[in-house]
Structures are given as structure tokens and as C-alpha cells.
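One file, upload-v2.txt, is given below (compact mmCIF, C-alpha atoms).
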```
# COMPACT_ATOMS: atom_id res chain seq x y z
CA MET X 1 117.49 89.99 111.21
CA GLY X 2 114.33 91.70 112.47
CA THR X 3 115.91 95.14 112.11
CA LEU X 4 117.02 94.41 108.57
CA ILE X 5 113.51 93.30 107.65
CA ALA X 6 112.06 96.46 109.15
CA ILE X 7 114.57 98.60 107.23
CA GLY X 8 113.79 96.75 103.99
CA ALA X 9 110.05 97.24 104.45
CA GLY X 10 110.65 100.91 105.20
CA ILE X 11 112.69 101.35 102.01
CA ALA X 12 109.99 99.62 99.96
CA VAL X 13 107.35 102.01 101.30
CA LEU X 14 109.50 104.99 100.18
CA THR X 15 107.88 104.50 96.73
CA GLY X 16 105.08 106.56 98.27
CA ILE X 17 107.25 109.69 97.79
CA GLY X 18 106.89 109.46 94.02
CA ALA X 19 103.16 108.96 94.15
CA GLY X 20 102.79 111.83 96.62
CA ILE X 21 104.75 114.25 94.44
CA GLY X 22 102.93 113.08 91.31
CA ILE X 23 99.43 113.40 92.75
CA GLY X 24 100.35 116.74 94.30
CA ILE X 25 101.50 118.17 90.98
CA ALA X 26 98.47 116.73 89.18
CA THR X 27 96.02 118.19 91.70
CA GLY X 28 97.75 121.56 91.62
CA LYS X 29 97.56 121.72 87.84
CA ALA X 30 93.94 120.57 87.88
CA THR X 31 93.06 123.35 90.32
CA GLU X 32 94.78 125.88 88.05
CA ALA X 33 92.94 124.51 85.03
CA ILE X 34 89.57 124.70 86.80
CA ALA X 35 90.31 128.26 87.91
CA ARG X 36 91.03 129.17 84.32
CA GLN X 37 88.13 127.29 82.77
CA PRO X 38 85.47 126.45 85.33
CA GLU X 39 83.13 125.08 82.65
CA ALA X 40 85.56 122.24 81.83
CA GLN X 41 85.48 120.95 85.40
CA GLY X 42 83.92 117.58 84.55
CA LYS X 43 86.55 116.62 82.00
CA ILE X 44 89.40 117.92 84.16
CA ASN X 45 88.16 115.92 87.14
CA GLN X 46 87.93 112.82 84.97
CA SER X 47 91.52 113.01 83.78
CA LEU X 48 92.65 113.95 87.29
CA ILE X 49 91.15 110.77 88.70
CA LEU X 50 92.71 108.70 85.92
CA GLY X 51 96.11 110.25 86.52
CA CYS X 52 95.88 109.88 90.28
CA ALA X 53 94.84 106.24 89.96
CA LEU X 54 97.83 105.50 87.75
CA ALA X 55 100.28 107.49 89.91
CA GLU X 56 98.97 105.87 93.05
CA ALA X 57 99.67 102.40 91.68
CA THR X 58 103.41 102.75 92.34
CA ALA X 59 102.74 103.55 96.00
CA ILE X 60 100.46 100.53 96.21
CA TYR X 61 103.12 98.29 94.71
CA GLY X 62 105.62 99.55 97.27
CA PHE X 63 103.14 98.84 100.03
CA VAL X 64 102.42 95.33 98.77
CA VAL X 65 106.16 94.61 98.52
CA ALA X 66 106.70 95.90 102.08
CA LEU X 67 103.88 93.71 103.29
CA ILE X 68 105.32 90.67 101.54
CA ILE X 69 108.72 91.39 103.13
CA ILE X 70 107.22 91.60 106.62
CA LEU X 71 104.94 88.59 106.24
CA PHE X 72 107.16 86.10 104.49
CA LEU X 73 110.57 87.02 105.95
CA GLY X 74 109.58 88.26 109.41
CA MET I 1 106.99 93.24 115.27
CA GLY I 2 106.32 89.51 115.55
CA ASP I 3 103.00 90.26 117.18
CA LEU I 4 101.93 92.65 114.42
CA SER I 5 103.15 90.28 111.74
CA ALA I 6 101.08 87.43 113.18
CA GLU I 7 98.06 89.73 113.45
CA LEU I 8 98.45 90.83 109.82
CA MET I 9 98.85 87.26 108.65
CA LYS I 10 95.64 86.31 110.47
CA GLU I 11 93.74 89.13 108.79
CA LEU I 12 95.22 88.36 105.39
CA ASN I 13 94.24 84.75 105.63
CA CYS I 14 90.78 83.86 104.45
CA ASP I 15 89.22 81.10 106.52
CA VAL I 16 87.57 78.09 104.95
CA VAL I 17 83.96 78.18 106.14
CA PHE I 18 82.84 74.75 104.87
CA LYS I 19 83.50 72.29 102.11
CA ILE I 20 81.19 71.13 99.33
CA PRO I 21 81.48 67.33 99.53
CA ILE I 22 81.96 66.63 95.79
CA PHE I 23 85.17 66.05 93.83
CA GLY I 24 87.03 65.45 97.08
CA GLY I 25 85.73 68.59 98.82
CA ILE I 26 85.69 72.08 97.27
CA PRO I 27 86.68 74.60 99.96
CA ILE I 28 84.37 77.61 100.34
CA TYR I 29 86.17 80.67 101.70
CA GLU I 30 84.86 83.46 103.87
CA SER I 31 85.03 85.95 101.00
CA ILE I 32 82.73 83.76 98.89
CA VAL I 33 80.17 83.54 101.67
CA VAL I 34 80.21 87.31 102.17
CA SER I 35 79.85 87.69 98.40
CA TRP I 36 76.79 85.44 98.51
CA ILE I 37 75.34 87.60 101.28
CA ILE I 38 75.93 90.71 99.14
CA ILE I 39 74.37 89.03 96.09
CA ALA I 40 71.33 88.02 98.12
CA ALA I 41 70.99 91.54 99.56
CA ILE I 42 71.22 93.14 96.09
CA LEU I 43 68.73 90.62 94.69
CA VAL I 44 66.20 91.22 97.46
CA ALA I 45 66.64 95.00 97.16
CA ALA I 46 66.21 94.83 93.38
CA LEU I 47 63.05 92.72 93.68
CA LEU I 48 61.56 94.97 96.37
CA LEU I 49 62.42 98.24 94.61
CA THR I 50 61.10 97.22 91.21
CA ARG I 51 57.70 96.07 92.46
CA ASN I 52 54.67 98.08 91.33
CA LEU I 53 56.47 100.21 88.77
CA LYS I 54 54.02 102.23 86.69
CA VAL I 55 54.28 104.19 83.47
CA GLU I 56 51.41 106.49 84.46
CA ASN I 57 51.60 108.44 87.73
CA PRO I 58 54.86 107.04 89.11
CA GLY I 59 55.30 107.22 92.88
CA LYS I 60 57.98 109.16 94.73
CA GLY I 61 60.11 106.06 95.25
CA GLN I 62 60.02 105.20 91.58
CA LEU I 63 61.07 108.72 90.59
CA LEU I 64 64.01 108.62 92.99
CA LEU I 65 65.01 105.19 91.73
CA GLU I 66 64.77 106.28 88.10
CA SER I 67 66.88 109.37 88.66
CA ILE I 68 69.59 107.38 90.46
CA VAL I 69 69.70 104.70 87.76
CA THR I 70 69.74 107.28 84.97
CA TRP I 71 72.53 109.22 86.68
CA ALA I 72 74.68 106.11 87.14
CA TYR I 73 73.93 104.94 83.58
CA ASN I 74 74.96 108.27 82.09
CA LEU I 75 78.07 108.39 84.28
CA ILE I 76 79.38 105.16 82.74
CA LEU I 77 78.02 105.96 79.27
CA ASN I 78 79.97 109.23 79.18
CA LEU I 79 83.15 107.28 79.89
CA LEU I 80 82.47 104.61 77.28
CA GLY I 81 81.01 106.66 74.47
CA GLU I 82 78.01 105.72 72.36
CA LYS I 83 79.72 102.68 70.84
CA GLY I 84 80.19 100.99 74.20
CA LYS I 85 76.53 101.14 75.22
CA ARG I 86 76.23 97.37 75.55
CA TYR I 87 78.93 97.18 78.27
CA VAL I 88 77.22 99.63 80.63
CA PRO I 89 75.06 97.10 82.55
CA TYR I 90 78.04 94.88 83.38
CA LEU I 91 80.13 97.83 84.59
CA LEU I 92 77.23 99.13 86.69
CA THR I 93 76.86 95.70 88.28
CA VAL I 94 80.57 95.60 89.12
CA LEU I 95 80.34 99.14 90.52
CA LEU I 96 77.42 98.21 92.77
CA TYR I 97 79.07 95.01 93.95
CA LEU I 98 82.40 96.70 94.67
CA ALA I 99 80.84 99.67 96.44
CA ILE I 100 78.81 97.42 98.73
CA SER I 101 81.64 94.97 99.38
CA ASN I 102 84.11 97.78 100.20
CA LEU I 103 81.64 99.10 102.76
CA MET I 104 81.00 95.65 104.25
CA GLY I 105 83.76 96.26 106.84
CA LEU I 106 81.58 98.90 108.50
CA ILE I 107 78.98 96.37 109.62
CA GLY I 108 81.46 93.79 110.84
CA PHE I 109 81.94 91.52 107.82
CA LYS I 110 85.32 90.94 106.26
CA PRO I 111 85.23 92.80 102.91
CA PRO I 112 85.56 90.29 100.03
CA THR I 113 87.86 92.75 98.23
CA LYS I 114 90.47 92.18 100.93
CA ASP I 115 90.90 88.68 99.49
CA LEU I 116 93.33 88.66 96.58
CA THR I 117 91.39 85.96 94.72
CA VAL I 118 88.24 88.09 94.48
CA THR I 119 90.04 91.13 93.04
CA ALA I 120 92.04 88.87 90.72
CA GLY I 121 88.82 87.30 89.46
CA LEU I 122 87.27 90.70 88.78
CA ALA I 123 90.43 91.91 87.02
CA ILE I 124 90.52 88.81 84.79
CA MET I 125 86.85 89.36 83.87
CA SER I 126 87.75 92.96 83.00
CA ILE I 127 90.63 92.06 80.69
CA ILE I 128 88.52 89.39 78.96
CA LEU I 129 85.79 91.97 78.40
CA ILE I 130 88.31 94.53 77.11
CA GLU I 131 89.82 92.12 74.58
CA TYR I 132 86.37 90.81 73.62
CA ALA I 133 85.21 94.36 72.96
CA GLY I 134 88.27 94.94 70.79
CA ILE I 135 87.75 91.74 68.79
CA ARG I 136 84.04 92.40 68.36
CA GLU I 137 84.57 95.95 67.16
CA LYS I 138 87.52 95.41 64.80
CA GLY I 139 87.28 91.73 63.90
CA PRO I 140 90.04 89.23 64.76
CA LYS I 141 92.35 90.59 62.07
CA GLY I 142 91.97 94.22 63.03
CA TRP I 143 92.38 93.29 66.68
CA ALA I 144 95.64 91.50 65.99
CA LYS I 145 96.84 94.43 63.92
CA SER I 146 96.00 96.90 66.68
CA PHE I 147 98.91 95.52 68.70
CA ALA I 148 101.33 97.04 66.21
CA GLN I 149 99.92 100.55 66.56
CA PRO I 150 101.01 103.33 66.48
CA VAL I 151 104.45 101.93 65.54
CA ALA I 152 105.46 98.31 65.03
CA ILE I 153 108.34 98.48 67.50
CA ILE I 154 106.10 98.72 70.58
CA THR I 155 104.28 95.45 69.82
CA PRO I 156 105.95 93.61 72.75
CA LEU I 157 104.84 96.37 75.11
CA ASN I 158 101.27 96.14 73.84
CA ILE I 159 101.27 92.38 74.35
CA LEU I 160 102.72 92.80 77.86
CA GLU I 161 99.86 95.15 78.62
CA ILE I 162 97.42 92.23 78.50
CA ILE I 163 99.12 90.94 81.65
CA ILE I 164 100.01 94.26 83.25
CA ARG I 165 96.53 95.77 83.07
CA PRO I 166 94.66 93.12 85.09
CA LEU I 167 97.62 92.78 87.48
CA SER I 168 97.57 96.49 88.20
CA LEU I 169 93.75 96.59 88.48
CA CYS I 170 93.78 93.67 90.90
CA MET I 171 96.71 94.93 93.00
CA ARG I 172 95.33 98.47 93.18
CA LEU I 173 92.02 97.38 94.64
CA PHE I 174 93.53 94.77 96.95
CA GLY I 175 96.40 97.01 98.11
CA ASN I 176 94.11 99.95 98.80
CA MET I 177 91.64 97.92 100.85
CA LEU I 178 94.39 96.14 102.77
CA GLY I 179 96.40 99.33 103.21
CA GLY I 180 93.45 101.21 104.65
CA PHE I 181 92.73 98.28 106.92
CA VAL I 182 96.33 98.03 108.21
CA VAL I 183 96.53 101.78 108.90
CA MET I 184 93.22 101.59 110.77
CA GLU I 185 94.49 98.67 112.87
CA LEU I 186 97.66 100.61 113.76
CA ILE I 187 95.65 103.69 114.75
CA LYS I 188 93.35 101.54 116.85
CA GLN I 189 96.34 100.07 118.68
CA ILE I 190 97.71 103.51 119.58
CA PHE I 191 94.44 105.35 120.34
CA PRO I 192 91.69 102.84 120.95
CA ALA I 193 88.94 105.42 121.59
CA LEU I 194 87.33 108.24 119.61
CA LEU I 195 90.26 109.19 117.35
CA PRO I 196 89.75 106.28 114.89
CA ILE I 197 86.34 107.74 113.91
CA LEU I 198 87.87 110.49 111.75
CA PRO I 199 90.30 108.40 109.67
CA SER I 200 87.61 105.74 109.43
CA PHE I 201 85.54 108.14 107.31
CA TYR I 202 88.45 108.46 104.92
CA PHE I 203 89.76 104.91 104.83
CA ASP I 204 86.53 102.93 105.12
CA ILE I 205 83.92 105.05 103.35
CA PHE I 206 85.64 107.52 101.03
CA ASP I 207 88.48 105.27 99.90
CA GLY I 208 86.20 102.26 99.46
CA LEU I 209 83.78 104.15 97.21
CA LEU I 210 86.61 105.87 95.33
CA GLN I 211 88.36 102.59 94.60
CA ALA I 212 85.12 101.02 93.37
CA TYR I 213 84.73 103.98 91.02
CA VAL I 214 88.39 103.87 89.93
CA PHE I 215 88.16 100.17 89.07
CA VAL I 216 85.10 100.69 86.86
CA PHE I 217 86.54 103.93 85.48
CA LEU I 218 89.79 102.29 84.37
CA THR I 219 87.98 99.28 82.90
CA SER I 220 85.72 101.53 80.86
CA MET I 221 88.69 103.65 79.76
CA PHE I 222 90.43 100.52 78.49
CA ILE I 223 87.26 99.34 76.72
CA LYS I 224 86.88 102.75 75.09
CA GLU I 225 90.49 102.59 73.97
CA ALA I 226 89.92 99.10 72.54
CA ILE I 227 86.81 100.05 70.55
CA ASP I 228 87.69 103.57 69.50
CA ASP I 229 90.81 103.79 67.38
```
Once you've parsed the file, please lay out its structure as C-alpha cells.
Amino acid sequence: MGTLIAIGAGIAVLTGIGAGIGIGIATGKATEAIARQPEAQGKINQSLILGCALAEATAIYGFVVALIIILFLG
Amino acid sequence: MGDLSAELMKELNCDVVFKIPIFGGIPIYESIVVSWIIIAAILVAALLLTRNLKVENPGKGQLLLESIVTWAYNLILNLLGEKGKRYVPYLLTVLLYLAISNLMGLIGFKPPTKDLTVTAGLAIMSIILIEYAGIREKGPKGWAKSFAQPVAIITPLNILEIIIRPLSLCMRLFGNMLGGFVVMELIKQIFPALLPILPSFYFDIFDGLLQAYVFVFLTSMFIKEAIDD
């Protein structure tokens, strides 16, 4: 039972992959955009933070689910 | 595994400090007490810093204070736009409270934001403010109509958003604080000395301040969306 719970929690945390890829792409594009138009840095940073916050939410949900699995089943 | 799980459960739990002996005892949790300490600290700091303010010949302290306040005010005002001027003080207050409470872990208190009820309360206040701003700007009729924009078919999604937005705000703050805390605990178990200093800068200081900013940033984005179109 303990192993299964650990595997389940591990699978739930895999949601982090999506967030990682998403934030990576977003940051890469933002860097490109700043290199092209350094004067627009403020606005680019603003939308970057918004995008990262939204992309990160999925990872956080995965983490919360993993935690719930460990705490309430383990 | 069982050991870690018990440890996590203990940290997740918020202890009852004392009970107010009316209505059959209202329990007061640790997070509330720490919040009171933060409120008292902010109040004392505000009273001390705003003493002896002058219009003519301001001192060095007053100039520093004015520049910080103006910077923070403009930061939020740029997000909200000119129409949302009246919501800036509330958002600044939330920003200050969140920033201080996320950093509370550094001096040995349990951060109030690690308690789900505190973040849930803040998120509910945010969604009430967002909808209030929408109703105030467009009138009840316009507000109700705004659910059917841009096309009528997404009305259910727009209504669902009233629940999803505060849920995601609350879970983001709570999950980030708890996640950082759990990772720090794990690192401390493996390398008890020296190494935890470096990730502590990221998880305790940088992430705490960033999440405080993100919470206020998203709330002001939603308010702007509610009052703009």
C-alpha cells in the first residue's frame, strides 16, 4: 500500500513537467522580445509574470494533490 | 514515509492557541495570533514613521518614505489604470501584509499564509472586490450582461470563473508557501548544515515576495478586466 501511495504522489507531481516547459518557453520568448525591443521591458516583464503565474498553477495543483494523497491515504 | 507524513501533518495543522469564552468558545488559531502580531507591528511602524511629517523642509526619512510609497502606489496604479484608482490602497495593504507574513518564517514564526483558511479568506475578499468593482462600474444590468461576452455560449464558463478565480488564487499562495517549506524541510534532513542557506534565499525570501506580488498583480488584473471593457 505504501509503495502505491508513493507512486501515486509521484505521478501527481509529474504535472510539474507542463509548468516547467511552459515557463521555459515563456521566459525564452520574453528574452527574445527584450533583446529586440529593450524599451518595452516593463510591459514584457509584466505579461511574463502573469503568464508564469498562470502556468505555475498547474504545478501547484499537482503538488497539492500529491500532498493530499500522502497525508490522507498514507 | 510514515515519519515524514506525520511531520508534514504536524506542520500543516494549525494549533488552537486559546479560546474566547463566548458562544461556547471561539477557537483562536496560531495563524490568527501571528496575523495580530503583524497587524500590531505594521500599526506601530506606521505611527512611528508618520510622526513629524512636514510640508516645508522634509527630513531625510520623510523623503525616503515618500519615494517608497509613491513607487508602490504607481506600481499598482499602472496595473489598474486610472479608473481603478480607488482600489489601490486596499491592494497595497494586502501586498504589505502578504510580504511581511511570507517572511515571518525567517524569524521563527509560522507564516499565516501556510494556513489554508487565511489564503482562502484573502481570495474571497479579492473576488468580492472584483465583482463589486464590476457592478459599480457597469451597473447591475451591465454587470449581468458582461457574463455573456464576447459570445453568449461561454456564459457558463464566465460564471464558473467566479469560483475558479478565488480557488486558484488561494491554492497558488498556499501551495507555494507550503511547497517551499516542504522542500526546505527535506533539504534540512539530508544536509543539516550550511547548504540550506542558499535555497533558503530562494524559497523563503524571493518566492515569498514574488508570491505576494503575484497575488496582488492577479487581483488587480482581474479588477482591471472587470472595469475596463
- Task: Mind checking which residues fall within 12 Å of Leu48 of chain X, counting all atoms listed in the file, ignoring those fewer than 3 positions away in the same chain, and posting them as a VMD selection string?
- Result: (chain X and resid 22 to 31 33 to 34 41 to 45 51 to 56) or (chain I and resid 214 217)
Those same residues, written as an mmCIF file, keeping the file's coordinate frame with C-alpha atoms?
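part_38.cif, written as the output of this step:
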```
data_model
loop_
_atom_site.group_PDB
_atom_site.id
_atom_site.type_symbol
_atom_site.label_atom_id
_atom_site.label_comp_id
_atom_site.auth_asym_id
_atom_site.auth_seq_id
_atom_site.Cartn_x
_atom_site.Cartn_y
_atom_site.Cartn_z
ATOM 1 C CA GLY X 22 102.930 113.080 91.310
ATOM 2 C CA ILE X 23 99.430 113.400 92.750
ATOM 3 C CA GLY X 24 100.350 116.740 94.300
ATOM 4 C CA ILE X 25 101.500 118.170 90.980
ATOM 5 C CA ALA X 26 98.470 116.730 89.180
ATOM 6 C CA THR X 27 96.020 118.190 91.700
ATOM 7 C CA GLY X 28 97.750 121.560 91.620
ATOM 8 C CA LYS X 29 97.560 121.720 87.840
ATOM 9 C CA ALA X 30 93.940 120.570 87.880
ATOM 10 C CA THR X 31 93.060 123.350 90.320
ATOM 11 C CA ALA X 33 92.940 124.510 85.030
ATOM 12 C CA ILE X 34 89.570 124.700 86.800
ATOM 13 C CA GLN X 41 85.480 120.950 85.400
ATOM 14 C CA GLY X 42 83.920 117.580 84.550
ATOM 15 C CA LYS X 43 86.550 116.620 82.000
ATOM 16 C CA ILE X 44 89.400 117.920 84.160
ATOM 17 C CA ASN X 45 88.160 115.920 87.140
ATOM 18 C CA GLY X 51 96.110 110.250 86.520
ATOM 19 C CA CYS X 52 95.880 109.880 90.280
ATOM 20 C CA ALA X 53 94.840 106.240 89.960
ATOM 21 C CA LEU X 54 97.830 105.500 87.750
ATOM 22 C CA ALA X 55 100.280 107.490 89.910
ATOM 23 C CA GLU X 56 98.970 105.870 93.050
ATOM 24 C CA VAL I 214 88.390 103.870 89.930
ATOM 25 C CA PHE I 217 86.540 103.930 85.480
#
```
Rows by chain and residue number, chain X within 9 Å of chain I, shortest pair, only C-alpha atoms, as a tab-separated table:
```
residue	atom	partner	partner_atom	distance
X:Gly2	CA	I:Met1	CA	8.0
X:Ala6	CA	I:Met1	CA	8.6
X:Gln46	CA	I:Leu79	CA	8.9
X:Ile49	CA	I:Val214	CA	7.5
X:Leu50	CA	I:Leu218	CA	7.2
X:Ala53	CA	I:Val214	CA	6.9
X:Glu56	CA	I:Arg172	CA	8.2
X:Ala57	CA	I:Arg172	CA	6.0
X:Ile60	CA	I:Gly175	CA	5.7
X:Tyr61	CA	I:Met171	CA	7.4
X:Phe63	CA	I:Gly175	CA	7.2
X:Val64	CA	I:Gly175	CA	6.3
X:Leu67	CA	I:Leu8	CA	9.0
X:Ile70	CA	I:Ser5	CA	6.7
X:Leu71	CA	I:Ser5	CA	6.0
X:Gly74	CA	I:Gly2	CA	7.1
```
- Separating atom CA of Asp228 of chain I from atom CA of Gly84 of chain I, to the nearest tenth of an Å, is a gap of 9.2 Å
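Picture a line from atom CA of Pro112 of chain I to atom CA of Ile100 of chain I; it runs 9.9 Å.
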- Message: Just the number, please: distance in Å from atom CA of Ile205 of chain I to atom CA of Glu30 of chain I, one decimal.
- Response: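 Separating atom CA of Ile205 of chain I from atom CA of Glu30 of chain I is a distance of 21.6 Å.
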Using 3 Å of padding on each side, determine the axis-aligned box around all atoms of segment 98-102 of chain I present in the file and give its centre and edge lengths in Å to one decimal, as lines of an AutoDock Vina configuration file.
```
center_x = 81.5
center_y = 97.3
center_z = 97.4
size_x = 11.3
size_y = 10.7
size_z = 11.5
```
- Contact residues around segment 35-42 of chain I with all atoms listed in the file at 9 Å, ignoring same-chain residues under 2 positions, as a VMD selection string: chain I and resid 30 to 33 44 to 47 96 to 97 100 to 101 104 111 to 112
- Near Val13 of chain X, within 6 Å and counting all atoms listed in the file, which residues show up once chain neighbours fewer than 2 positions away are dropped, as a PyMOL selection string? chain X and resi 10-11+15-16+62-63
Would you kindly return, as a compact mmCIF listing (two decimals) with C-alpha atoms, in the coordinates of the input, each protein, DNA or RNA residue with an atom no farther than 9 Å from any atom of Val94 of chain I, considering only C-alpha atoms and excluding same-chain residues fewer than 4 positions away?
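Written out: result15.txt:
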```txt
# COMPACT_ATOMS: atom_id res chain seq x y z
CA PRO I 89 75.06 97.10 82.55
CA TYR I 90 78.04 94.88 83.38
CA LEU I 98 82.40 96.70 94.67
CA ALA I 99 80.84 99.67 96.44
CA LEU I 122 87.27 90.70 88.78
CA ALA I 212 85.12 101.02 93.37
CA PHE I 215 88.16 100.17 89.07
CA VAL I 216 85.10 100.69 86.86
```
I'd like the neighbourhood of Val16 of chain I as a compact mmCIF listing (two decimals) with C-alpha atoms, in the frame of the given file, where a residue qualifies if any of its atoms comes within 9 Å (using all atoms listed in the file), though same-chain residues fewer than 3 positions away should be ignored.
```txt
# COMPACT_ATOMS: atom_id res chain seq x y z
CA LYS I 19 83.50 72.29 102.11
CA PRO I 27 86.68 74.60 99.96
CA ILE I 28 84.37 77.61 100.34
CA TYR I 29 86.17 80.67 101.70
CA GLU I 30 84.86 83.46 103.87
```
